[in-house]
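Pasting protein.cif here (mmCIF, C-alpha atoms and all ligand atoms):
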data_coords
#
loop_
_atom_site.label_atom_id
_atom_site.label_comp_id
_atom_site.auth_asym_id
_atom_site.auth_seq_id
_atom_site.Cartn_x
_atom_site.Cartn_y
_atom_site.Cartn_z
CA MET G 19 0.00 0.00 0.00
CA GLN G 20 1.20 3.55 -0.74
CA GLU G 21 2.68 5.52 2.12
CA ILE G 22 0.42 8.27 3.47
CA LYS G 23 2.31 11.54 3.99
CA PHE G 24 1.59 13.92 6.85
CA ILE G 25 1.97 17.71 6.68
CA LYS G 26 1.66 19.50 10.01
CA ALA G 27 -0.57 22.57 10.40
CA GLU G 28 1.05 25.75 11.68
CA THR G 29 -1.96 26.83 13.68
CA LEU G 30 -4.99 24.96 14.96
CA LYS G 31 -8.61 26.10 15.16
CA GLN G 32 -10.59 26.64 18.34
CA LYS G 33 -12.79 23.58 18.92
CA PRO G 34 -16.50 24.17 19.60
CA THR G 35 -17.16 24.59 23.32
CA ASP G 36 -20.94 24.06 23.31
CA GLU G 37 -21.67 20.64 21.79
CA SER G 38 -25.42 21.21 22.05
CA LYS G 39 -25.15 23.81 19.26
CA LEU G 40 -23.19 21.84 16.66
CA GLY G 41 -26.01 21.49 14.12
CA PHE G 42 -24.97 19.73 10.91
CA GLY G 43 -21.96 20.38 8.68
CA LYS G 44 -21.06 23.92 9.70
CA ILE G 45 -17.69 23.44 11.41
CA PHE G 46 -14.66 21.73 9.87
CA THR G 47 -11.57 20.32 11.56
CA ASP G 48 -7.87 21.21 11.18
CA TYR G 49 -6.84 18.53 8.67
CA MET G 50 -8.08 16.78 5.54
CA PHE G 51 -7.00 13.68 3.61
CA THR G 52 -6.23 14.11 -0.09
CA MET G 53 -4.98 12.06 -3.02
CA GLU G 54 -4.77 12.84 -6.71
CA TYR G 55 -5.36 10.96 -9.93
CA ASP G 56 -3.75 11.32 -13.31
CA PRO G 57 -3.48 8.77 -16.13
CA GLU G 58 0.31 8.29 -15.70
CA ASN G 59 0.32 7.69 -11.95
CA GLY G 60 -3.21 6.51 -11.15
CA TRP G 61 -4.29 7.49 -7.64
CA HIS G 62 -1.19 8.82 -5.92
CA ASN G 63 0.20 11.18 -3.32
CA PRO G 64 -2.09 10.19 -0.41
CA CYS G 65 -1.63 12.80 2.27
CA VAL G 66 -3.06 14.08 5.56
CA GLU G 67 -2.55 17.82 5.40
CA PRO G 68 -3.95 21.05 6.84
CA TYR G 69 -7.58 21.78 5.85
CA HIS G 70 -7.43 24.39 3.11
CA PRO G 71 -9.53 26.00 0.38
CA LEU G 72 -9.11 24.50 -3.09
CA SER G 73 -7.81 26.60 -5.94
CA LEU G 74 -9.62 25.67 -9.16
CA ASP G 75 -9.39 27.13 -12.65
CA PRO G 76 -12.79 28.63 -13.67
CA SER G 77 -12.91 26.07 -16.48
CA THR G 78 -12.52 23.07 -14.12
CA SER G 79 -14.80 20.36 -15.43
CA VAL G 80 -16.55 19.56 -12.14
CA LEU G 81 -17.86 23.13 -12.00
CA HIS G 82 -19.54 22.76 -15.40
CA TYR G 83 -20.56 19.15 -15.82
CA GLY G 84 -20.82 17.91 -12.25
CA GLN G 85 -18.49 14.93 -12.41
CA SER G 86 -18.36 14.53 -8.65
CA ILE G 87 -19.29 11.95 -6.05
CA PHE G 88 -19.33 11.86 -2.27
CA GLU G 89 -20.04 9.72 0.77
CA GLY G 90 -21.31 10.31 4.27
CA MET G 91 -20.32 8.33 7.36
CA LYS G 92 -19.58 9.02 11.01
CA CYS G 93 -16.97 8.43 13.69
CA TYR G 94 -18.56 7.77 17.11
CA ARG G 95 -17.12 8.18 20.61
CA ARG G 96 -17.88 5.36 22.99
CA ALA G 97 -18.55 6.00 26.69
CA ASP G 98 -15.01 4.76 27.50
CA GLY G 99 -13.63 7.49 25.20
CA GLY G 100 -12.61 5.09 22.39
CA LEU G 101 -13.57 5.83 18.79
CA GLN G 102 -15.31 3.67 16.22
CA LEU G 103 -16.60 3.66 12.65
CA PHE G 104 -19.77 2.03 11.36
CA ARG G 105 -19.43 -0.12 8.19
CA PRO G 106 -16.84 2.21 6.57
CA ARG G 107 -15.91 -0.37 3.93
CA ASP G 108 -19.52 -0.32 2.70
CA ASN G 109 -19.25 3.44 2.17
CA PHE G 110 -16.03 3.17 0.16
CA ALA G 111 -17.48 0.27 -1.86
CA ARG G 112 -20.57 2.38 -2.65
CA MET G 113 -18.31 5.28 -3.56
CA ASN G 114 -16.59 3.11 -6.15
CA ARG G 115 -20.01 2.12 -7.54
CA SER G 116 -20.86 5.82 -7.83
CA ALA G 117 -17.42 6.38 -9.43
CA ASP G 118 -18.15 3.75 -12.04
CA ARG G 119 -21.46 5.41 -13.01
CA LEU G 120 -19.77 8.83 -13.28
CA SER G 121 -16.76 7.46 -15.25
CA ILE G 122 -14.43 8.35 -12.39
CA PRO G 123 -11.47 5.95 -11.99
CA GLN G 124 -11.78 3.28 -9.28
CA PHE G 125 -9.70 3.86 -6.14
CA ASP G 126 -8.18 1.42 -3.63
CA GLU G 127 -10.81 1.13 -0.88
CA GLU G 128 -8.29 -0.11 1.70
CA LEU G 129 -6.01 2.86 0.97
CA ALA G 130 -8.96 5.24 1.41
CA LEU G 131 -9.80 3.55 4.74
CA GLU G 132 -6.16 3.79 5.85
CA GLY G 133 -6.16 7.49 4.88
CA LEU G 134 -9.34 8.03 6.88
CA LYS G 135 -7.90 6.22 9.91
CA LYS G 136 -4.74 8.31 9.76
CA LEU G 137 -6.79 11.50 9.48
CA LEU G 138 -8.92 10.45 12.47
CA GLU G 139 -5.84 9.61 14.50
CA VAL G 140 -4.69 13.21 14.07
CA GLU G 141 -8.19 14.63 14.62
CA LYS G 142 -9.41 12.38 17.46
CA ASP G 143 -9.97 15.29 19.84
CA TRP G 144 -12.55 16.70 17.38
CA VAL G 145 -14.93 13.77 17.94
CA PRO G 146 -17.59 15.27 20.24
CA HIS G 147 -18.68 13.68 23.53
CA ASN G 148 -22.38 14.57 24.00
CA VAL G 149 -25.06 11.92 23.49
CA GLY G 150 -26.16 11.89 19.84
CA THR G 151 -23.12 13.81 18.55
CA SER G 152 -20.46 12.41 16.21
CA LEU G 153 -17.78 13.42 13.74
CA TYR G 154 -19.33 13.40 10.27
CA ILE G 155 -17.00 12.19 7.52
CA ARG G 156 -17.37 13.46 3.96
CA PRO G 157 -15.20 11.65 1.37
CA THR G 158 -15.50 13.36 -2.03
CA ILE G 159 -14.05 13.03 -5.54
CA ILE G 160 -14.11 15.84 -8.09
CA ALA G 161 -12.91 16.07 -11.69
CA THR G 162 -10.16 18.70 -11.85
CA ASP G 163 -9.32 19.02 -15.58
CA ALA G 164 -9.32 22.62 -16.78
CA MET G 165 -11.24 22.04 -20.02
CA LEU G 166 -14.71 22.58 -21.46
CA GLY G 167 -15.09 19.39 -23.53
CA VAL G 168 -17.87 17.10 -22.34
CA HIS G 169 -16.01 13.87 -21.61
CA ALA G 170 -14.49 12.09 -18.64
CA ALA G 171 -11.74 14.16 -17.05
CA HIS G 172 -8.16 12.89 -16.82
CA HIS G 173 -7.41 14.41 -13.44
CA TYR G 174 -9.28 14.00 -10.15
CA LEU G 175 -8.96 15.00 -6.54
CA PHE G 176 -10.11 12.71 -3.72
CA PHE G 177 -10.50 14.38 -0.35
CA ILE G 178 -12.00 13.62 3.05
CA ILE G 179 -13.14 16.39 5.35
CA LEU G 180 -14.54 16.08 8.88
CA SER G 181 -17.26 17.98 10.70
CA PRO G 182 -18.43 17.57 14.32
CA VAL G 183 -22.24 17.27 14.19
CA GLY G 184 -25.37 16.99 16.27
CA ALA G 185 -28.84 16.07 14.95
CA TYR G 186 -29.48 16.52 11.20
CA TYR G 187 -33.02 17.79 11.72
CA ALA G 188 -33.39 20.86 13.92
CA GLN G 189 -36.13 19.08 15.89
CA GLY G 190 -33.81 16.14 16.83
CA LEU G 191 -35.63 12.79 17.19
CA ALA G 192 -39.09 14.39 17.04
CA PRO G 193 -41.25 13.28 14.07
CA VAL G 194 -40.80 15.23 10.83
CA GLY G 195 -43.43 16.17 8.26
CA ILE G 196 -42.73 15.10 4.67
CA TYR G 197 -44.20 16.50 1.48
CA VAL G 198 -44.94 14.01 -1.33
CA GLU G 199 -43.48 15.62 -4.45
CA ASP G 200 -45.83 15.51 -7.43
CA THR G 201 -44.25 18.02 -9.83
CA TYR G 202 -40.52 17.36 -9.96
CA VAL G 203 -38.68 14.05 -10.12
CA ARG G 204 -35.23 13.29 -8.74
CA ALA G 205 -34.08 10.33 -10.82
CA VAL G 206 -35.22 8.36 -13.83
CA ARG G 207 -34.77 4.84 -15.10
CA GLY G 208 -31.24 4.44 -16.48
CA GLY G 209 -30.10 7.66 -14.80
CA PHE G 210 -27.86 7.85 -11.74
CA GLY G 211 -30.30 7.88 -8.85
CA PHE G 212 -28.36 5.08 -7.13
CA ALA G 213 -25.13 7.11 -7.18
CA LYS G 214 -24.18 9.62 -4.52
CA THR G 215 -23.44 12.40 -6.97
CA ALA G 216 -23.94 16.16 -6.84
CA GLY G 217 -26.55 16.23 -9.64
CA ASN G 218 -29.07 14.21 -7.61
CA TYR G 219 -28.96 16.79 -4.85
CA ALA G 220 -29.03 19.73 -7.28
CA ALA G 221 -32.20 18.21 -8.77
CA SER G 222 -33.81 18.17 -5.33
CA ILE G 223 -33.19 21.71 -4.09
CA LYS G 224 -36.10 23.51 -5.72
CA ALA G 225 -38.65 20.93 -4.58
CA GLY G 226 -37.17 21.16 -1.09
CA GLU G 227 -37.69 24.92 -1.06
CA VAL G 228 -41.33 24.59 -2.13
CA ALA G 229 -41.91 21.97 0.58
CA ALA G 230 -40.16 24.11 3.21
CA LYS G 231 -42.47 27.03 2.40
CA LYS G 232 -45.38 24.71 3.13
CA GLY G 233 -43.77 23.77 6.46
CA TYR G 234 -42.31 20.37 5.54
CA ALA G 235 -38.81 19.21 6.46
CA GLN G 236 -38.18 17.17 3.30
CA VAL G 237 -39.63 15.85 0.09
CA LEU G 238 -40.68 12.26 -0.59
CA TRP G 239 -39.75 11.46 -4.17
CA LEU G 240 -41.96 9.32 -6.36
CA ASP G 241 -40.67 7.33 -9.34
CA GLY G 242 -39.61 9.38 -12.35
CA VAL G 243 -41.82 7.55 -14.85
CA GLU G 244 -45.37 7.43 -13.47
CA GLN G 245 -44.95 9.36 -10.21
CA LYS G 246 -46.87 6.57 -8.54
CA TYR G 247 -44.31 4.62 -6.53
CA VAL G 248 -42.38 5.66 -3.43
CA GLU G 249 -38.66 6.19 -3.97
CA GLU G 250 -36.83 7.93 -1.12
CA VAL G 251 -36.49 11.20 0.77
CA GLY G 252 -33.77 13.82 0.09
CA ALA G 253 -31.29 12.44 2.60
CA MET G 254 -32.83 9.16 3.72
CA ASN G 255 -34.50 5.92 2.62
CA MET G 256 -38.12 5.38 3.68
CA MET G 257 -39.68 2.55 5.67
CA PHE G 258 -43.31 1.94 6.58
CA LYS G 259 -44.70 -0.43 9.20
CA ILE G 260 -47.98 -1.76 7.86
CA ASP G 261 -49.88 -4.52 9.64
CA GLY G 262 -46.82 -5.52 11.67
CA LYS G 263 -44.45 -5.70 8.69
CA ILE G 264 -41.74 -3.22 7.72
CA ILE G 265 -41.87 -2.48 4.01
CA THR G 266 -39.39 -0.38 2.04
CA PRO G 267 -38.90 0.34 -1.66
CA MET G 268 -36.65 -2.24 -3.32
CA LEU G 269 -33.34 -1.12 -4.81
CA ASN G 270 -34.32 -0.35 -8.37
CA GLY G 271 -31.36 1.69 -9.61
CA SER G 272 -32.96 5.05 -8.94
CA ILE G 273 -32.61 5.18 -5.14
CA LEU G 274 -29.50 5.14 -2.97
CA ALA G 275 -28.62 1.76 -1.45
CA GLY G 276 -28.53 3.22 2.05
CA ILE G 277 -26.19 1.58 4.52
CA THR G 278 -28.57 2.52 7.35
CA ARG G 279 -31.42 1.01 5.30
CA ASP G 280 -29.54 -2.27 4.99
CA SER G 281 -28.62 -2.19 8.70
CA VAL G 282 -32.21 -1.52 9.81
CA LEU G 283 -33.53 -4.33 7.61
CA LYS G 284 -31.00 -6.72 9.18
CA LEU G 285 -31.75 -5.44 12.71
CA ALA G 286 -35.50 -5.80 12.18
CA ALA G 287 -35.07 -9.38 10.95
CA HIS G 288 -32.84 -10.06 13.98
CA MET G 289 -35.64 -8.76 16.23
CA GLY G 290 -38.16 -11.02 14.54
CA ILE G 291 -39.99 -8.23 12.71
CA PRO G 292 -40.93 -9.28 9.17
CA THR G 293 -39.53 -7.06 6.40
CA GLU G 294 -40.25 -6.73 2.71
CA GLU G 295 -38.43 -4.88 -0.09
CA ARG G 296 -40.78 -4.19 -2.98
CA ARG G 297 -42.42 -1.57 -5.14
CA ILE G 298 -44.80 0.53 -3.00
CA ALA G 299 -47.50 2.73 -4.51
CA ILE G 300 -48.01 6.04 -2.69
CA ASP G 301 -51.77 5.34 -2.86
CA GLU G 302 -51.17 2.20 -0.80
CA ILE G 303 -49.53 4.29 1.94
CA PHE G 304 -52.35 6.83 2.07
CA GLU G 305 -54.91 4.03 2.00
CA ALA G 306 -53.14 2.23 4.88
CA ALA G 307 -53.03 5.51 6.84
CA LYS G 308 -56.77 5.95 6.35
CA ASN G 309 -57.77 2.38 7.21
CA GLY G 310 -55.52 2.33 10.28
CA THR G 311 -52.99 -0.30 9.15
CA LEU G 312 -50.12 2.19 8.69
CA GLU G 313 -48.61 1.89 12.15
CA GLU G 314 -45.35 3.79 11.74
CA ALA G 315 -43.20 5.50 9.13
CA PHE G 316 -39.56 6.49 9.38
CA GLY G 317 -36.55 7.44 7.32
CA THR G 318 -33.04 5.99 7.60
CA GLY G 319 -29.71 7.64 6.85
CA THR G 320 -26.27 8.35 8.24
CA ALA G 321 -27.07 11.98 8.97
CA ALA G 322 -30.76 11.38 9.75
CA VAL G 323 -30.11 8.09 11.68
CA VAL G 324 -33.67 6.73 12.18
CA SER G 325 -36.12 9.62 11.85
CA PRO G 326 -39.81 9.18 12.61
CA VAL G 327 -42.20 10.63 10.03
CA GLY G 328 -45.30 12.00 11.73
CA GLU G 329 -47.10 13.52 8.77
CA LEU G 330 -47.31 13.00 5.02
CA CYS G 331 -48.86 15.60 2.76
CA ARG G 332 -49.78 15.06 -0.87
CA GLY G 333 -51.49 17.98 -2.58
CA ASP G 334 -54.41 18.86 -0.31
CA GLU G 335 -54.40 15.53 1.45
CA LYS G 336 -52.66 15.06 4.80
CA VAL G 337 -52.26 12.01 6.99
CA ILE G 338 -50.95 11.90 10.54
CA ILE G 339 -48.94 8.78 11.36
CA SER G 340 -48.60 7.20 14.80
CA ASN G 341 -50.31 10.19 16.35
CA ASN G 342 -47.33 12.33 15.25
CA GLU G 343 -45.25 10.58 17.91
CA ILE G 344 -42.28 8.24 17.60
CA GLY G 345 -43.63 4.69 17.19
CA GLU G 346 -42.56 1.75 19.32
CA THR G 347 -40.70 -0.09 16.56
CA THR G 348 -39.05 3.11 15.30
CA GLN G 349 -37.82 3.81 18.84
CA LYS G 350 -36.56 0.25 19.27
CA LEU G 351 -34.67 0.33 15.97
CA TYR G 352 -33.26 3.78 16.78
CA ASP G 353 -32.10 2.63 20.23
CA THR G 354 -30.48 -0.57 18.95
CA LEU G 355 -28.80 1.02 15.92
CA THR G 356 -27.46 4.00 17.86
CA GLY G 357 -26.48 1.64 20.70
CA ILE G 358 -24.31 -0.34 18.27
CA GLN G 359 -22.93 2.86 16.71
CA TRP G 360 -22.00 4.45 20.05
CA GLY G 361 -20.84 1.15 21.54
CA THR G 362 -23.44 0.64 24.28
CA VAL G 363 -25.10 -2.33 22.55
CA GLU G 364 -23.17 -5.37 21.36
CA ASP G 365 -22.64 -5.61 17.59
CA PRO G 366 -23.48 -9.14 16.47
CA PHE G 367 -23.07 -8.20 12.78
CA GLY G 368 -19.39 -7.19 12.61
CA TRP G 369 -20.31 -3.65 11.53
CA ILE G 370 -18.06 -1.76 13.93
CA VAL G 371 -14.46 -0.88 13.11
CA ARG G 372 -12.68 0.27 16.26
CA LEU G 373 -9.91 2.82 15.95
N1 LIG G 401 -30.86 8.50 0.21
C1 LIG G 401 -30.18 9.63 -0.06
C2 LIG G 401 -30.56 10.41 -1.25
C3 LIG G 401 -29.15 10.05 0.79
O1 LIG G 401 -28.47 11.18 0.53
C4 LIG G 401 -28.83 9.27 1.92
C5 LIG G 401 -27.75 9.68 2.81
O2 LIG G 401 -26.64 9.26 2.70
C6 LIG G 401 -29.54 8.09 2.14
C7 LIG G 401 -30.56 7.75 1.28
C8 LIG G 401 -29.20 7.18 3.29
O3 LIG G 401 -28.01 6.46 3.02
P1 LIG G 401 -27.07 5.97 4.19
O4 LIG G 401 -27.91 5.21 5.12
O5 LIG G 401 -26.04 5.14 3.53
O6 LIG G 401 -26.50 7.19 4.82
C1 LIG G 402 -25.73 11.38 4.77
O1 LIG G 402 -26.63 10.94 5.48
O2 LIG G 402 -24.56 11.10 4.96
C2 LIG G 402 -25.97 12.29 3.68
O3 LIG G 402 -25.19 12.34 2.81
C3 LIG G 402 -27.15 13.12 3.71
C4 LIG G 402 -26.89 14.47 3.22
C5 LIG G 402 -26.60 15.53 4.15
C6 LIG G 402 -26.86 14.73 1.81
#
Representation of the structure as structure tokens:
Amino acid sequence: MQEIKFIKAETLKQKPTDESKLGFGKIFTDYMFTMEYDPENGWHNPCVEPYHPLSLDPSTSVLHYGQSIFEGMKCYRRADGGLQLFRPRDNFARMNRSADRLSIPQFDEELALEGLKKLLEVEKDWVPHNVGTSLYIRPTIIATDAMLGVHAAHHYLFFIILSPVGAYYAQGLAPVGIYVEDTYVRAVRGGFGFAKTAGNYAASIKAGEVAAKKGYAQVLWLDGVEQKYVEEVGAMNMMFKIDGKIITPMLNGSILAGITRDSVLKLAAHMGIPTEERRIAIDEIFEAAKNGTLEEAFGTGTAAVVSPVGELCRGDEKVIISNNEIGETTQKLYDTLTGIQWGTVEDPFGWIVRL
């Protein structure tokens, strides 16, 4: 494996003193991991170096054509002070799947993990201590060719930045209201909905603004062909508990294969709760809400963790779920998942990587 260089920072930042005010993704640490790609050397020059602004030519291809991918994961502090990661190899494997779709060269996942570990070793004091806080990890790759031709770039930058975070939603674990989007679509068949790439998020911003004006935290996307079937929410996969069973949209190429989604499905099965991955019509959800069989709804994601959904709104129609309170199963899954992530519950799945 290539040797990872270290460049020491001359000055260090002041760490946040009030961990209850961290919010999400507003503060960044002292160091970042970087490596570069060019056709002669492949991925090379892995380095932990001081966090710094990037200098990019105005013609840099990522700024014009969006050849960029990213990941989101977290480093957790256990009660004994030790640090741990949750399924980091799954994130780097997904990043390479996104890379493939965006014609970005594959990288060595073990080297990326080593780079992350080295970065975290230097930045360990940035991992917050309060319950529910963590150090959010954002690996990213951008195309850095200075050229305006529409084709795969020849040069790329891989970087990982770190941000101490609290809850993703301002309301914490309280149920969120979600607006069912019926005008815009996020991804289409054959597109890159399954990839974690900038364009998917760019496509979602306007709908998010419209929903926010109506008082909703996020948008629930429907399929891009008929706008009939549930896809996912802006930053999380969706799950519904109907008649005792957890159902979630199957991976169809247009939604992200969430690592939290996969973990919750495995946890639910472990707890003896039946699960099903299939196509789900939005009409079925509203119907179940009306006839009383929709017991709970929640989203899953690294940033969002397990987030109860208390209200769904579609046009003029609104349904309240689980009395707009966190449901029993949602709470149980939240407690077990976060228990494994923060090290208070045993991990029977081999998901935890201790640092
Ligand atoms: N769907 C989208 C669009 C997301 O951005 C995320 C967040 O990463 C998820 C789902 C959940 O994925 P994961 O559980 O891997 O964080
Ligand atoms: C994550 O959960 O890691 C995400 O990437 C969500 C997001 C803030 C886009």
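With atom C6 of ligand LIG 401 (chain G) on one side and atom CA of G:Gly276 on the other, the separation reads 5.0 Å.
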Excluding G:His147 and its own-chain neighbours fewer than 4 positions away, which residues fall within 9 Å of it when counting all atoms listed in the file? Please give them as an NGL selection string. :G and (37 or 94-97 or 99 or 151-152)
Generate the output file for the selected residues, C-alpha atoms, as a compact mmCIF listing (two decimals), in the frame of the given file.
# COMPACT_ATOMS: atom_id res chain seq x y z
CA GLU G 37 -21.67 20.64 21.79
CA TYR G 94 -18.56 7.77 17.11
CA ARG G 95 -17.12 8.18 20.61
CA ARG G 96 -17.88 5.36 22.99
CA ALA G 97 -18.55 6.00 26.69
CA GLY G 99 -13.63 7.49 25.20
CA THR G 151 -23.12 13.81 18.55
CA SER G 152 -20.46 12.41 16.21
Could you write out as JSON the box around ligand LIG 402 (chain G) (axis-aligned, all atoms listed in the file, 8 Å on each side), with centre and edge lengths in Å to one decimal?
{"center_x": -25.9, "center_y": 13.2, "center_z": 3.6, "size_x": 18.6, "size_y": 20.6, "size_z": 19.7}
Given the choices G:His172, G:Arg156, G:Lys308, G:Lys224, which gets closest to ligand LIG 402 (chain G) if the distance is worked out from all atoms listed in the file?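 Between G:His172, G:Arg156, G:Lys308, G:Lys224, the residue approaching ligand LIG 402 (chain G) most closely is G:Arg156.
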Near-stretch 279-281 of chain G list (10 Å; all atoms listed in the file; drop same-chain fewer than 4 positions) as a list in words: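 The residues that qualify are Arg105, Met254, Asn255, Met256, Met257, Thr266, Leu274, Ala275, Leu285, Ala286, Ala287, Gly317, Thr318, Gly319, Thr320, Val323, Val324, Leu351, Leu355, Phe367 and Trp369 of chain G.
When atom CA of G:Leu283 is paired with atom CA of G:Gly328, their separation reads 20.5 Å.
The nearest approach to ligand LIG 402 (chain G) among the residues G:Gln102, G:Thr356, G:Thr362, G:Thr278, with only C-alpha atoms and all ligand atoms taken into account, belongs to G:Thr278.
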Measure the distance from atom CA of G:Arg332 to atom CA of G:Pro292 in Å and round it to one decimal.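 Separation of atom CA of G:Arg332 and atom CA of G:Pro292: 27.8 Å.
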So that I can see what lies close to G:Gly368, please list as an MDAnalysis selection string the residues with an atom at most 12 Å from it, counting only C-alpha atoms and leaving out residues fewer than 2 positions away in the same chain. chainID G and resid 103:107 281 358:359 364:366 370:372
For G:Tyr202, which of G:Leu330, G:Asp241, G:Ala185, G:Gly233 is the closest residue, counting all atoms listed in the file?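 Closest to G:Tyr202, using all atoms listed in the file: G:Asp241.
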Point (-33.0, 7.3, -16.4), cut-off 9 Å, counting only C-alpha atoms, residues as a list of chain:residue names: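 I get G:Ala205, G:Val206, G:Arg207, G:Gly208, G:Gly209, G:Phe210, G:Gly211, G:Gly242, G:Val243, G:Gly271, G:Ser272 for the residues within 9 Å of that point.
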Nearest to ligand LIG 402 (chain G): which of G:Val327, G:Ile223, G:Met19, G:Leu74 is it, counting all atoms listed in the file?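 The shortest atom-to-atom distance to ligand LIG 402 (chain G) comes from G:Ile223.
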Using C-alpha atoms, give me stretch 90-114 of chain G from the structure I just pasted, as a compact mmCIF listing (two decimals), in the first residue's frame.
# COMPACT_ATOMS: atom_id res chain seq x y z
CA GLY G 90 -21.31 10.31 4.27
CA MET G 91 -20.32 8.33 7.36
CA LYS G 92 -19.58 9.02 11.01
CA CYS G 93 -16.97 8.43 13.69
CA TYR G 94 -18.56 7.77 17.11
CA ARG G 95 -17.12 8.18 20.61
CA ARG G 96 -17.88 5.36 22.99
CA ALA G 97 -18.55 6.00 26.69
CA ASP G 98 -15.01 4.76 27.50
CA GLY G 99 -13.63 7.49 25.20
CA GLY G 100 -12.61 5.09 22.39
CA LEU G 101 -13.57 5.83 18.79
CA GLN G 102 -15.31 3.67 16.22
CA LEU G 103 -16.60 3.66 12.65
CA PHE G 104 -19.77 2.03 11.36
CA ARG G 105 -19.43 -0.12 8.19
CA PRO G 106 -16.84 2.21 6.57
CA ARG G 107 -15.91 -0.37 3.93
CA ASP G 108 -19.52 -0.32 2.70
CA ASN G 109 -19.25 3.44 2.17
CA PHE G 110 -16.03 3.17 0.16
CA ALA G 111 -17.48 0.27 -1.86
CA ARG G 112 -20.57 2.38 -2.65
CA MET G 113 -18.31 5.28 -3.56
CA ASN G 114 -16.59 3.11 -6.15
